[in-house]
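Colleague: Provided herewith: model_37.cif, mmCIF, C-alpha atoms and all ligand atoms.
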data_input
loop_
_atom_site.label_atom_id
_atom_site.label_comp_id
_atom_site.auth_asym_id
_atom_site.auth_seq_id
_atom_site.Cartn_x
_atom_site.Cartn_y
_atom_site.Cartn_z
CA MET I 235 0.00 0.00 0.00
CA LYS I 236 1.20 3.55 -0.70
CA ILE I 237 0.32 5.70 2.32
CA LEU I 238 0.42 9.49 2.38
CA VAL I 239 1.27 10.36 6.00
CA THR I 240 0.87 14.01 7.02
CA GLY I 241 2.95 15.19 9.98
CA GLY I 242 5.37 12.29 9.53
CA ALA I 243 8.26 14.28 10.97
CA GLY I 244 6.43 14.68 14.30
CA PHE I 245 6.41 12.43 17.34
CA ILE I 246 3.61 10.01 16.43
CA GLY I 247 3.88 10.51 12.67
CA SER I 248 7.53 9.42 12.68
CA ALA I 249 6.57 6.25 14.60
CA VAL I 250 3.87 5.58 11.97
CA VAL I 251 6.36 6.13 9.14
CA ARG I 252 9.00 3.85 10.69
CA LEU I 253 6.47 1.09 11.37
CA SER I 254 4.82 1.36 7.94
CA VAL I 255 8.15 1.12 6.10
CA SER I 256 9.23 -1.81 8.30
CA ARG I 257 6.03 -3.60 7.19
CA GLY I 258 6.77 -3.04 3.52
CA HIS I 259 4.40 -0.13 2.83
CA GLN I 260 5.45 2.75 0.62
CA VAL I 261 5.25 6.02 2.54
CA VAL I 262 5.07 9.62 1.36
CA ASN I 263 5.69 11.92 4.32
CA LEU I 264 4.06 15.34 3.85
CA ASP I 265 5.24 17.78 6.51
CA ALA I 266 5.73 21.54 6.70
CA LEU I 267 8.62 21.08 9.17
CA THR I 268 7.37 23.39 11.91
CA TYR I 269 9.27 23.79 15.20
CA ALA I 270 7.82 20.39 16.26
CA ALA I 271 9.28 18.45 13.34
CA CYS I 272 12.47 16.46 13.47
CA LEU I 273 13.72 14.70 10.36
CA ALA I 274 16.41 13.03 12.48
CA SER I 275 13.58 10.85 13.88
CA LEU I 276 13.38 9.31 10.40
CA ALA I 277 17.09 8.56 9.95
CA SER I 278 16.40 4.81 9.95
CA VAL I 279 14.10 5.05 6.88
CA ALA I 280 15.46 8.11 5.07
CA ASP I 281 17.43 6.06 2.52
CA SER I 282 14.77 3.40 1.99
CA PRO I 283 13.33 3.14 -1.53
CA LEU I 284 9.94 2.84 0.21
CA TYR I 285 10.21 6.36 1.68
CA ALA I 286 9.66 9.77 0.08
CA PHE I 287 9.47 13.22 1.65
CA GLU I 288 7.46 16.23 0.49
CA GLN I 289 7.81 19.50 2.35
CA ALA I 290 4.36 21.06 2.10
CA ASP I 291 1.93 22.97 4.28
CA ILE I 292 -1.62 21.62 4.72
CA ARG I 293 -2.84 25.24 4.71
CA ASP I 294 -1.76 25.38 1.05
CA ARG I 295 -4.40 23.55 -1.01
CA ALA I 296 -2.53 23.83 -4.32
CA ALA I 297 0.54 22.17 -2.79
CA LEU I 298 -1.64 19.31 -1.55
CA ASP I 299 -3.17 18.77 -5.01
CA GLN I 300 0.34 18.50 -6.46
CA VAL I 301 1.37 15.88 -3.89
CA PHE I 302 -1.75 13.77 -4.57
CA ALA I 303 -1.23 13.99 -8.33
CA LYS I 304 2.47 13.16 -8.09
CA HIS I 305 2.20 10.19 -5.71
CA ALA I 306 -1.33 8.74 -6.25
CA PRO I 307 -1.65 7.35 -2.71
CA ASP I 308 -3.87 4.37 -1.79
CA ALA I 309 -4.53 5.82 1.65
CA VAL I 310 -4.03 8.93 3.75
CA MET I 311 -3.10 9.02 7.43
CA HIS I 312 -3.64 12.60 8.54
CA LEU I 313 -1.62 13.48 11.64
CA ALA I 314 -0.25 16.96 10.83
CA ALA I 315 -1.44 19.35 13.51
CA GLU I 316 -0.43 21.94 16.01
CA SER I 317 -0.42 19.71 19.08
CA HIS I 318 0.70 21.53 22.21
CA VAL I 319 -2.07 22.68 24.59
CA ASP I 320 0.02 25.42 26.24
CA ARG I 321 0.92 26.89 22.86
CA SER I 322 -2.79 26.84 21.91
CA ILE I 323 -3.55 28.99 24.94
CA ASP I 324 -0.81 31.50 24.06
CA GLY I 325 -1.65 31.63 20.33
CA PRO I 326 -4.85 29.88 19.19
CA GLY I 327 -4.76 31.25 15.61
CA ASP I 328 -2.25 28.69 14.29
CA PHE I 329 -4.40 25.90 15.75
CA VAL I 330 -7.49 27.10 13.91
CA GLU I 331 -5.59 27.47 10.64
CA THR I 332 -3.65 24.20 10.69
CA ASN I 333 -6.02 21.89 12.55
CA ILE I 334 -9.32 23.11 11.07
CA THR I 335 -8.57 24.80 7.73
CA GLY I 336 -5.67 22.41 7.11
CA THR I 337 -7.91 19.38 7.65
CA TYR I 338 -10.54 20.93 5.36
CA ASN I 339 -7.84 21.31 2.67
CA MET I 340 -6.73 17.70 3.15
CA LEU I 341 -10.32 16.47 2.83
CA GLU I 342 -10.91 18.46 -0.33
CA ALA I 343 -7.61 17.45 -1.91
CA ALA I 344 -8.25 13.80 -1.01
CA ARG I 345 -11.82 13.95 -2.33
CA ALA I 346 -10.73 15.52 -5.63
CA TRP I 347 -8.05 12.86 -6.04
CA TRP I 348 -10.41 10.01 -5.09
CA VAL I 349 -13.12 11.16 -7.53
CA GLN I 350 -10.60 11.71 -10.32
CA ALA I 351 -9.16 8.22 -9.73
CA GLY I 352 -12.63 6.69 -10.19
CA ARG I 353 -13.47 6.28 -6.49
CA PRO I 354 -11.13 3.31 -5.86
CA GLU I 355 -12.80 1.00 -3.34
CA GLY I 356 -9.81 0.48 -1.07
CA PHE I 357 -9.03 4.17 -0.63
CA ARG I 358 -9.03 5.36 3.00
CA PHE I 359 -8.72 8.75 4.69
CA HIS I 360 -7.66 8.08 8.28
CA HIS I 361 -8.01 11.07 10.59
CA VAL I 362 -5.86 10.82 13.72
CA SER I 363 -7.32 12.64 16.71
CA THR I 364 -7.27 12.89 20.46
CA ASP I 365 -9.45 11.92 23.43
CA GLU I 366 -9.23 15.56 24.56
CA VAL I 367 -12.23 16.28 22.29
CA PHE I 368 -14.41 14.59 24.95
CA GLY I 369 -13.51 17.08 27.68
CA SER I 370 -12.82 16.11 31.27
CA LEU I 371 -14.13 13.15 33.33
CA PRO I 372 -15.09 13.06 37.00
CA ALA I 373 -12.96 10.89 39.32
CA ASP I 374 -15.46 7.94 39.23
CA PRO I 375 -13.34 5.08 37.72
CA GLU I 376 -16.47 3.57 36.12
CA MET I 377 -16.76 6.59 33.81
CA LYS I 378 -14.64 6.49 30.66
CA PHE I 379 -14.70 7.98 27.17
CA THR I 380 -16.50 5.76 24.67
CA GLU I 381 -16.98 6.49 20.97
CA GLU I 382 -20.47 7.74 21.90
CA THR I 383 -19.32 10.25 24.53
CA PRO I 384 -20.55 13.73 23.51
CA TYR I 385 -17.84 16.16 22.46
CA ASP I 386 -16.96 18.78 25.07
CA PRO I 387 -13.58 20.31 24.16
CA ARG I 388 -12.19 22.86 26.61
CA SER I 389 -8.91 24.20 25.18
CA PRO I 390 -8.23 25.87 21.82
CA TYR I 391 -6.23 22.73 20.90
CA SER I 392 -9.01 20.26 21.69
CA ALA I 393 -11.69 22.54 20.15
CA SER I 394 -9.72 22.68 16.90
CA LYS I 395 -9.30 18.89 16.88
CA ALA I 396 -13.04 18.45 17.61
CA ALA I 397 -13.87 20.70 14.66
CA SER I 398 -11.59 18.66 12.42
CA ASP I 399 -13.27 15.39 13.55
CA HIS I 400 -16.68 16.86 12.64
CA LEU I 401 -15.43 17.91 9.20
CA VAL I 402 -14.13 14.39 8.53
CA ARG I 403 -17.44 12.78 9.50
CA ALA I 404 -19.33 15.31 7.38
CA TRP I 405 -17.18 14.52 4.33
CA HIS I 406 -18.09 10.85 4.79
CA GLU I 407 -21.83 11.49 5.18
CA THR I 408 -22.06 14.18 2.50
CA TYR I 409 -19.55 13.09 -0.15
CA GLU I 410 -19.12 9.39 0.79
CA LEU I 411 -15.38 9.88 1.23
CA PRO I 412 -14.14 6.59 2.78
CA VAL I 413 -12.92 7.70 6.20
CA VAL I 414 -11.92 6.14 9.50
CA LEU I 415 -11.20 8.10 12.69
CA THR I 416 -9.27 7.40 15.87
CA ASN I 417 -9.19 9.25 19.20
CA CYS I 418 -6.21 8.35 21.34
CA SER I 419 -5.00 9.03 24.86
CA ASN I 420 -1.61 10.47 25.91
CA ASN I 421 1.35 9.03 24.06
CA TYR I 422 4.89 8.71 25.38
CA GLY I 423 8.03 7.04 24.08
CA PRO I 424 11.20 7.58 22.04
CA TYR I 425 11.56 10.73 19.87
CA HIS I 426 9.11 12.71 22.04
CA PHE I 427 9.78 16.43 21.64
CA PRO I 428 11.48 17.81 24.76
CA GLU I 429 8.63 20.19 25.71
CA LYS I 430 6.21 17.42 26.74
CA LEU I 431 5.87 16.01 30.25
CA VAL I 432 7.78 12.72 30.01
CA PRO I 433 10.90 14.06 28.25
CA VAL I 434 10.85 17.28 30.33
CA VAL I 435 10.95 15.17 33.49
CA ILE I 436 13.72 12.87 32.24
CA LEU I 437 15.92 15.66 30.86
CA ASN I 438 15.39 18.08 33.77
CA ALA I 439 16.14 15.27 36.20
CA LEU I 440 19.42 14.47 34.45
CA ALA I 441 20.33 18.18 34.34
CA GLY I 442 19.68 18.61 38.08
CA LYS I 443 16.78 21.02 37.39
CA GLU I 444 13.31 21.20 38.94
CA LEU I 445 10.68 18.70 37.76
CA PRO I 446 7.69 21.04 37.20
CA ILE I 447 4.22 19.69 37.99
CA TYR I 448 1.03 21.69 37.45
CA GLY I 449 -1.18 22.30 40.49
CA ARG I 450 -1.00 19.36 42.91
CA GLY I 451 -0.21 16.83 40.19
CA ASP I 452 -3.56 15.12 40.61
CA ASN I 453 -4.69 15.40 36.96
CA ILE I 454 -5.23 11.88 35.62
CA ARG I 455 -4.13 10.78 32.16
CA ASP I 456 -4.27 7.43 30.36
CA TRP I 457 -0.85 6.64 28.84
CA LEU I 458 -0.01 4.67 25.68
CA TYR I 459 3.43 3.75 24.29
CA VAL I 460 3.81 5.53 20.94
CA GLU I 461 4.83 2.38 19.04
CA ASP I 462 1.64 0.68 20.25
CA HIS I 463 -0.34 3.70 19.00
CA ALA I 464 1.32 3.41 15.57
CA ASP I 465 0.40 -0.29 15.47
CA ALA I 466 -3.22 0.53 16.42
CA LEU I 467 -3.38 3.17 13.68
CA LEU I 468 -2.26 0.74 10.99
CA THR I 469 -4.77 -1.81 12.33
CA VAL I 470 -7.63 0.70 11.97
CA LEU I 471 -6.41 1.85 8.55
CA GLU I 472 -6.33 -1.72 7.26
CA ARG I 473 -9.41 -3.19 8.97
CA GLY I 474 -11.52 -0.42 10.51
CA ALA I 475 -15.12 -0.06 9.31
CA LEU I 476 -15.81 2.89 7.03
CA GLY I 477 -17.18 6.00 8.71
CA ARG I 478 -16.42 4.50 12.13
CA SER I 479 -14.29 5.93 14.91
CA TYR I 480 -12.18 3.94 17.36
CA ASN I 481 -10.92 5.04 20.75
CA ILE I 482 -7.34 3.96 21.48
CA GLY I 483 -5.96 3.83 25.01
CA GLY I 484 -3.54 1.95 27.18
CA GLU I 485 -5.80 1.36 30.21
CA ASN I 486 -3.00 2.98 32.21
CA GLU I 487 -4.57 5.74 34.27
CA ARG I 488 -2.09 7.59 36.46
CA THR I 489 -2.02 10.97 38.16
CA ASN I 490 0.75 13.19 36.82
CA LEU I 491 2.43 12.94 40.22
CA GLU I 492 2.38 9.12 40.12
CA LEU I 493 3.83 9.17 36.62
CA VAL I 494 6.67 11.48 37.65
CA HIS I 495 7.45 9.32 40.70
CA THR I 496 7.60 6.22 38.46
CA LEU I 497 10.01 8.02 36.11
CA CYS I 498 12.16 9.08 39.07
CA ALA I 499 12.28 5.50 40.37
CA ILE I 500 13.40 4.21 36.95
CA LEU I 501 16.03 6.95 36.70
CA ASN I 502 17.27 6.18 40.23
CA GLU I 503 17.86 2.63 39.04
CA LEU I 504 19.31 3.28 35.57
CA ARG I 505 21.38 6.42 36.35
CA PRO I 506 21.67 6.76 40.18
CA LYS I 507 22.42 10.22 41.60
CA ALA I 508 25.48 10.73 43.76
CA SER I 509 23.08 11.26 46.68
CA GLY I 510 19.30 11.38 47.19
CA SER I 511 16.50 10.66 44.72
CA TYR I 512 15.44 12.45 41.53
CA ALA I 513 12.06 12.85 43.26
CA ASP I 514 13.70 15.49 45.49
CA GLN I 515 13.67 17.78 42.40
CA ILE I 516 9.84 17.77 42.08
CA ALA I 517 8.40 21.33 42.17
CA PHE I 518 4.71 22.29 42.01
CA VAL I 519 3.84 25.23 39.74
CA ALA I 520 0.65 27.27 39.13
CA ASP I 521 -1.97 25.26 37.24
CA ARG I 522 -2.78 25.73 33.54
CA PRO I 523 -6.10 27.55 32.86
CA GLY I 524 -8.95 25.14 32.05
CA HIS I 525 -6.74 22.16 32.89
CA ASP I 526 -8.81 18.99 32.37
CA GLY I 527 -9.03 16.80 35.49
CA ARG I 528 -9.18 13.27 34.10
CA TYR I 529 -9.09 11.45 30.76
CA ALA I 530 -9.74 7.71 30.48
CA ILE I 531 -10.44 5.61 27.41
CA GLU I 532 -12.85 2.69 27.15
CA PRO I 533 -11.06 0.68 24.43
CA SER I 534 -13.45 -2.25 23.93
CA ARG I 535 -14.42 -1.38 20.33
CA ILE I 536 -10.90 -1.63 18.92
CA ARG I 537 -10.20 -4.66 21.12
CA ASP I 538 -13.39 -6.60 20.31
CA GLU I 539 -13.86 -5.64 16.65
CA LEU I 540 -10.23 -5.52 15.51
CA GLY I 541 -8.47 -7.65 18.15
CA TRP I 542 -6.00 -4.89 19.01
CA ARG I 543 -4.45 -4.38 22.45
CA PRO I 544 -1.26 -2.67 23.65
CA SER I 545 1.90 -4.81 23.69
CA VAL I 546 3.75 -3.21 26.62
CA THR I 547 2.81 -2.22 30.17
CA LEU I 548 3.28 1.38 31.25
CA GLU I 549 6.22 0.46 33.48
CA GLU I 550 7.97 -1.42 30.65
CA GLY I 551 7.26 1.38 28.15
CA LEU I 552 8.57 4.05 30.54
CA ARG I 553 11.70 2.00 31.20
CA ARG I 554 12.35 1.71 27.44
CA THR I 555 11.72 5.43 27.06
CA VAL I 556 14.13 6.46 29.85
CA GLN I 557 16.78 4.14 28.44
CA TRP I 558 16.23 5.62 24.96
CA TYR I 559 16.79 9.20 26.23
CA LEU I 560 19.91 8.04 28.10
CA ASP I 561 21.24 6.48 24.88
CA ASN I 562 20.20 9.21 22.41
CA GLU I 563 21.49 12.56 23.63
CA THR I 564 22.57 13.36 20.03
CA TRP I 565 18.85 13.38 19.11
CA TRP I 566 17.45 15.52 21.93
CA ARG I 567 20.31 17.89 22.76
CA PRO I 568 20.01 20.01 19.55
CA LEU I 569 16.23 20.37 20.05
CA GLN I 570 16.51 21.92 23.47
CA GLY I 571 17.46 25.36 22.22
CA ARG I 572 14.60 25.55 19.72
CA ASP I 573 11.82 28.18 19.99
CA GLY I 574 11.47 28.42 23.74
CA VAL I 575 11.59 24.65 24.25
CA GLY I 576 12.54 23.80 27.79
CA GLU I 577 10.85 26.92 29.16
CA ARG I 578 7.43 25.30 28.71
CA LEU I 579 5.82 22.72 30.91
CA GLY I 580 4.04 19.96 29.10
CA THR I 581 1.60 17.93 31.11
CA GLY I 582 0.20 15.34 28.91
CA ARG I 583 0.05 15.57 25.28
CA GLY I 584 -1.29 18.01 23.28
CA ALA I 585 0.63 18.12 26.39
P1 LIG A 1 3.78 16.76 16.83
O1 LIG A 1 3.56 18.16 17.25
O2 LIG A 1 4.92 16.00 17.42
O3 LIG A 1 3.97 16.69 15.23
C1 LIG A 1 3.15 17.41 14.36
C2 LIG A 1 3.80 17.36 12.97
O4 LIG A 1 2.90 18.05 12.07
C3 LIG A 1 5.14 18.08 12.90
O5 LIG A 1 6.08 17.30 12.17
C4 LIG A 1 4.82 19.38 12.16
O6 LIG A 1 5.90 19.87 11.37
C5 LIG A 1 3.66 18.96 11.29
N1 LIG A 1 2.80 20.11 10.95
C6 LIG A 1 2.30 21.04 11.82
N2 LIG A 1 1.61 21.97 11.14
C7 LIG A 1 1.67 21.61 9.83
C8 LIG A 1 1.14 22.17 8.63
N3 LIG A 1 0.43 23.31 8.64
N4 LIG A 1 1.35 21.52 7.46
C9 LIG A 1 2.07 20.37 7.42
N5 LIG A 1 2.64 19.81 8.52
C10 LIG A 1 2.42 20.43 9.70
O7 LIG A 1 2.41 16.00 17.07
P2 LIG A 1 2.14 14.51 17.60
O8 LIG A 1 2.20 14.51 19.08
O9 LIG A 1 2.97 13.57 16.84
O10 LIG A 1 0.61 14.34 17.19
C11 LIG A 1 0.26 13.91 15.88
C12 LIG A 1 -1.24 13.83 15.76
O11 LIG A 1 -1.76 12.92 16.73
C13 LIG A 1 -1.95 15.17 16.00
O12 LIG A 1 -3.00 15.28 15.06
C14 LIG A 1 -2.48 15.06 17.41
O13 LIG A 1 -3.64 15.84 17.57
C15 LIG A 1 -2.76 13.57 17.52
N6 LIG A 1 -2.67 13.01 18.87
C16 LIG A 1 -1.55 13.20 19.64
C17 LIG A 1 -1.47 12.58 20.89
C18 LIG A 1 -0.22 12.71 21.76
O14 LIG A 1 -0.20 12.20 22.88
N7 LIG A 1 0.86 13.32 21.28
C19 LIG A 1 -2.53 11.81 21.36
C20 LIG A 1 -3.65 11.65 20.55
C21 LIG A 1 -3.69 12.23 19.31
#
I need this file expressed as C-alpha cells, please.
Ligand code: NAD
Modeller:
Amino acid sequence: MKILVTGGAGFIGSAVVRLSVSRGHQVVNLDALTYAACLASLASVADSPLYAFEQADIRDRAALDQVFAKHAPDAVMHLAAESHVDRSIDGPGDFVETNITGTYNMLEAARAWWVQAGRPEGFRFHHVSTDEVFGSLPADPEMKFTEETPYDPRSPYSASKAASDHLVRAWHETYELPVVLTNCSNNYGPYHFPEKLVPVVILNALAGKELPIYGRGDNIRDWLYVEDHADALLTVLERGALGRSYNIGGENERTNLELVHTLCAILNELRPKASGSYADQIAFVADRPGHDGRYAIEPSRIRDELGWRPSVTLEEGLRRTVQWYLDNETWWRPLQGRDGVGERLGTGRGA
C-alpha cells in the first residue's frame, strides 16, 4: 500500500512512518517542518526506496493537489497538527488554521483525487485525533470515554481537533469519502519532543533542574506507548469499518504525580544520583487555565472488533523510554534550544 502520512516528521507521525516502512508499505511523508518536526527521527528510513518526503503545508491547497497527483496514494493518514495545549492557549490562531482549515484542505484534496481516480474502493482517509475532544471526566473510575461520549472540548487545541473530527465525519456522510477516525489518549516514548511532560521530566532530572508539575499533580491521564499507537493506527487503517471511529488507550490511568514518581524510580535505578533521589527535584507550579481533570479511554471497540491491544505495560514502556533518552542525547540535545523549548511545561500531550 502507498500511504500518504501528514505530519510524519512529528512524534507520532515518525513512529507511523518507521512502522509502515518496516512492514513493507510505501510512505510519502508530507510535513511543513514546523518547530515540532524532526527529520532526524526518520534517519532509519530516510534512505529506503519505500520512503519519500514532500515539504508542504496543509494550509496550502494547491501544494496538496500537487502531492496527490504526483504520488497517487492508496490511503491517507492525517496526523499533521499543532499539538501543544500550552501553545494553543498562548496563540490559538495557528491551531485554527492548521487543525481546522488544514484538515478541510486535506479532505478536499483527497476527495478531488479520489473522484478523479474513479473512487477506488480500497481508498481510506484516516483522521488521527485525540481523546481531549471529549472534555474532562469526574474521578469515578467507572466513567470512561466511549466512541459515543458527547464532544466537550475545553482548550483551543481540543476545540480545533473536535472541529476537524466533525469535518471528517461530514465529508463521509455528504460526499461518501471513505474515512476512519481514531481518538487516542496520551502518548509517550522515544523521539518525544522535549517540551512534553515525560521528556521534560527525564531531561530536567538528568540536568539537576526542577521537575515542574502543574497544580497538585492530581490530573489523571491514560498513557499509551507511541509504538503501540502506531500499530493501532495501521490496524484501523487496514481493517476499521468505514465511517467509524475507534478510541485507542492503554488502560493505564495515572495521576501526573504518580507518573513522575515512576520516572524518578526508573532513573534512580538506571542512572543513580550521587546522593538522594530524583524525586527530590519535584516542584509544584501554578496550574494551567482550564486544565482537564481526568481522561480515560474505554477501548473495547478496537479490542473486540479488531483484536487490538497494547503490547507493553506502562512500566515497561517508561523503562524503554528512559533508556532511549539516556542512549540518544545526540537526538534531543540540539532540540533543546529551539523556539522556547525547555521553558514550557508539558503535562500530557497536546501536552
Ligand atoms: P507533533 O507536534 O509531534 O507533530 C506534528 C507534525 O505536524 C510536525 O512534524 C509538524 O511539522 C507537522 N505540521 C504542523 N503543522 C503543519 C502544517 N500546517 N502543514 C504540514 N505539517 C504540519 O504532534 P504529535 O504529538 O505527533 O501528534 C500527531 C497527531 O496525533 C496530531 O494530530 C495530534 O492531535 C494527535 N494526537 C496526539 C497525541 C499525543 O499524545 N501526542 C494523542 C492523541 C492524538
Colleague: Using all atoms listed in the file, find the one residue out of I:Ala277, I:Ile436, I:Leu467, I:Ile323 that sits nearest to ligand LIG 1 (chain A).
Modeller: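 For ligand LIG 1 (chain A), the nearest of the candidates is I:Leu467.
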Colleague: Can you build me a table of chain I residues sitting at most 8 Å from ligand LIG 1 (chain A), with the closest atom pair per residue and its distance in Å to one decimal, using all atoms listed in the file, sorted by chain and residue number, as a tab-separated table?
Modeller:
residue	atom	partner	partner_atom	distance
I:Thr240	CA	A:LIG1	N5	6.2
I:Gly241	CA	A:LIG1	O4	3.5
I:Gly242	CA	A:LIG1	O5	5.7
I:Ala243	CA	A:LIG1	O5	3.9
I:Gly244	CA	A:LIG1	O3	3.3
I:Phe245	CA	A:LIG1	O9	3.7
I:Ile246	CA	A:LIG1	O9	3.6
I:Gly247	CA	A:LIG1	O9	5.3
I:Ser248	CA	A:LIG1	O9	7.4
I:Leu264	CA	A:LIG1	C9	6.5
I:Asp265	CA	A:LIG1	N5	3.9
I:Ala266	CA	A:LIG1	C9	3.9
I:Leu267	CA	A:LIG1	O6	3.7
I:Thr268	CA	A:LIG1	O6	3.9
I:Tyr269	CA	A:LIG1	O6	6.4
I:Ala270	CA	A:LIG1	C3	4.9
I:Ala271	CA	A:LIG1	O5	3.6
I:Cys272	CA	A:LIG1	O5	6.6
I:Gln289	CA	A:LIG1	C9	7.7
I:Ala290	CA	A:LIG1	C9	5.8
I:Asp291	CA	A:LIG1	N4	3.5
I:Ile292	CA	A:LIG1	N4	4.0
I:Arg293	CA	A:LIG1	N3	5.5
I:His312	CA	A:LIG1	O12	7.1
I:Leu313	CA	A:LIG1	O12	4.1
I:Ala314	CA	A:LIG1	O4	3.6
I:Ala315	CA	A:LIG1	C6	4.4
I:Glu316	CA	A:LIG1	C6	5.1
I:Ser317	CA	A:LIG1	O1	4.6
I:His318	CA	A:LIG1	O1	6.6
I:Glu331	CA	A:LIG1	N3	7.6
I:Thr332	CA	A:LIG1	N3	4.7
I:Asn333	CA	A:LIG1	N3	7.7
I:Gly336	CA	A:LIG1	N3	6.4
I:His361	CA	A:LIG1	O12	7.9
I:Val362	CA	A:LIG1	O12	5.5
I:Ser363	CA	A:LIG1	C21	4.5
I:Thr364	CA	A:LIG1	C21	3.8
I:Asp365	CA	A:LIG1	C20	6.5
I:Glu366	CA	A:LIG1	C20	7.9
I:Lys395	CA	A:LIG1	O13	6.5
I:Asn417	CA	A:LIG1	C20	6.2
I:Cys418	CA	A:LIG1	C20	4.3
I:Ser419	CA	A:LIG1	C19	5.1
I:Asn420	CA	A:LIG1	O14	3.8
I:Asn421	CA	A:LIG1	O14	3.7
I:Tyr422	CA	A:LIG1	O14	6.7
I:His426	CA	A:LIG1	O2	7.1
I:Phe427	CA	A:LIG1	O2	6.5
I:Gly582	CA	A:LIG1	O14	6.8
I:Arg583	CA	A:LIG1	O14	4.1
I:Gly584	CA	A:LIG1	N7	5.5
I:Ala585	CA	A:LIG1	O14	6.9
Colleague: Measuring atom to atom with only C-alpha atoms, identify which of I:Tyr448, I:Trp347, I:Phe368, I:Trp542 is nearest to I:Phe302.
Modeller: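 Result for the nearest residue to I:Phe302: I:Trp347.
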Colleague: Please list as number ranges by chain every residue within 12 Å of I:Lys443, counting only C-alpha atoms and excluding residues in the same chain fewer than 3 positions away.
Modeller: I: 434-440, 446, 512-517, 576-577
Colleague: Pick from I:Gly352, I:Gly325, I:Gly449, I:Pro307: nearest to I:Gly527, with all atoms listed in the file counted?
Modeller: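 Among I:Gly352, I:Gly325, I:Gly449, I:Pro307, it is I:Gly449 that comes nearest to I:Gly527.
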Colleague: Between I:Thr555, I:Ser509, I:Thr489, I:Thr469, which one has atoms that come closest to I:Arg450, using all atoms listed in the file?
Modeller: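 Comparing I:Thr555, I:Ser509, I:Thr489, I:Thr469 against I:Arg450, the winner is I:Thr489.
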Colleague: Between I:Ile334, I:Arg505, I:Asp386, I:Tyr559, single out the one closest to I:Asp399, counting all atoms listed in the file.
Modeller: I:Ile334
Colleague: As an exercise, work out the distance from atom CA of I:Leu497 to atom CA of I:Val319 in Å and give it to one decimal place.
Modeller: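 These atoms are spaced 22.2 Å apart.
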Colleague: At what distance in Å, to one decimal, does atom CA of I:Ser511 lie from atom CA of I:Asp456?
Modeller: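 Atom CA of I:Ser511 lies at a distance of 25.5 Å from atom CA of I:Asp456.
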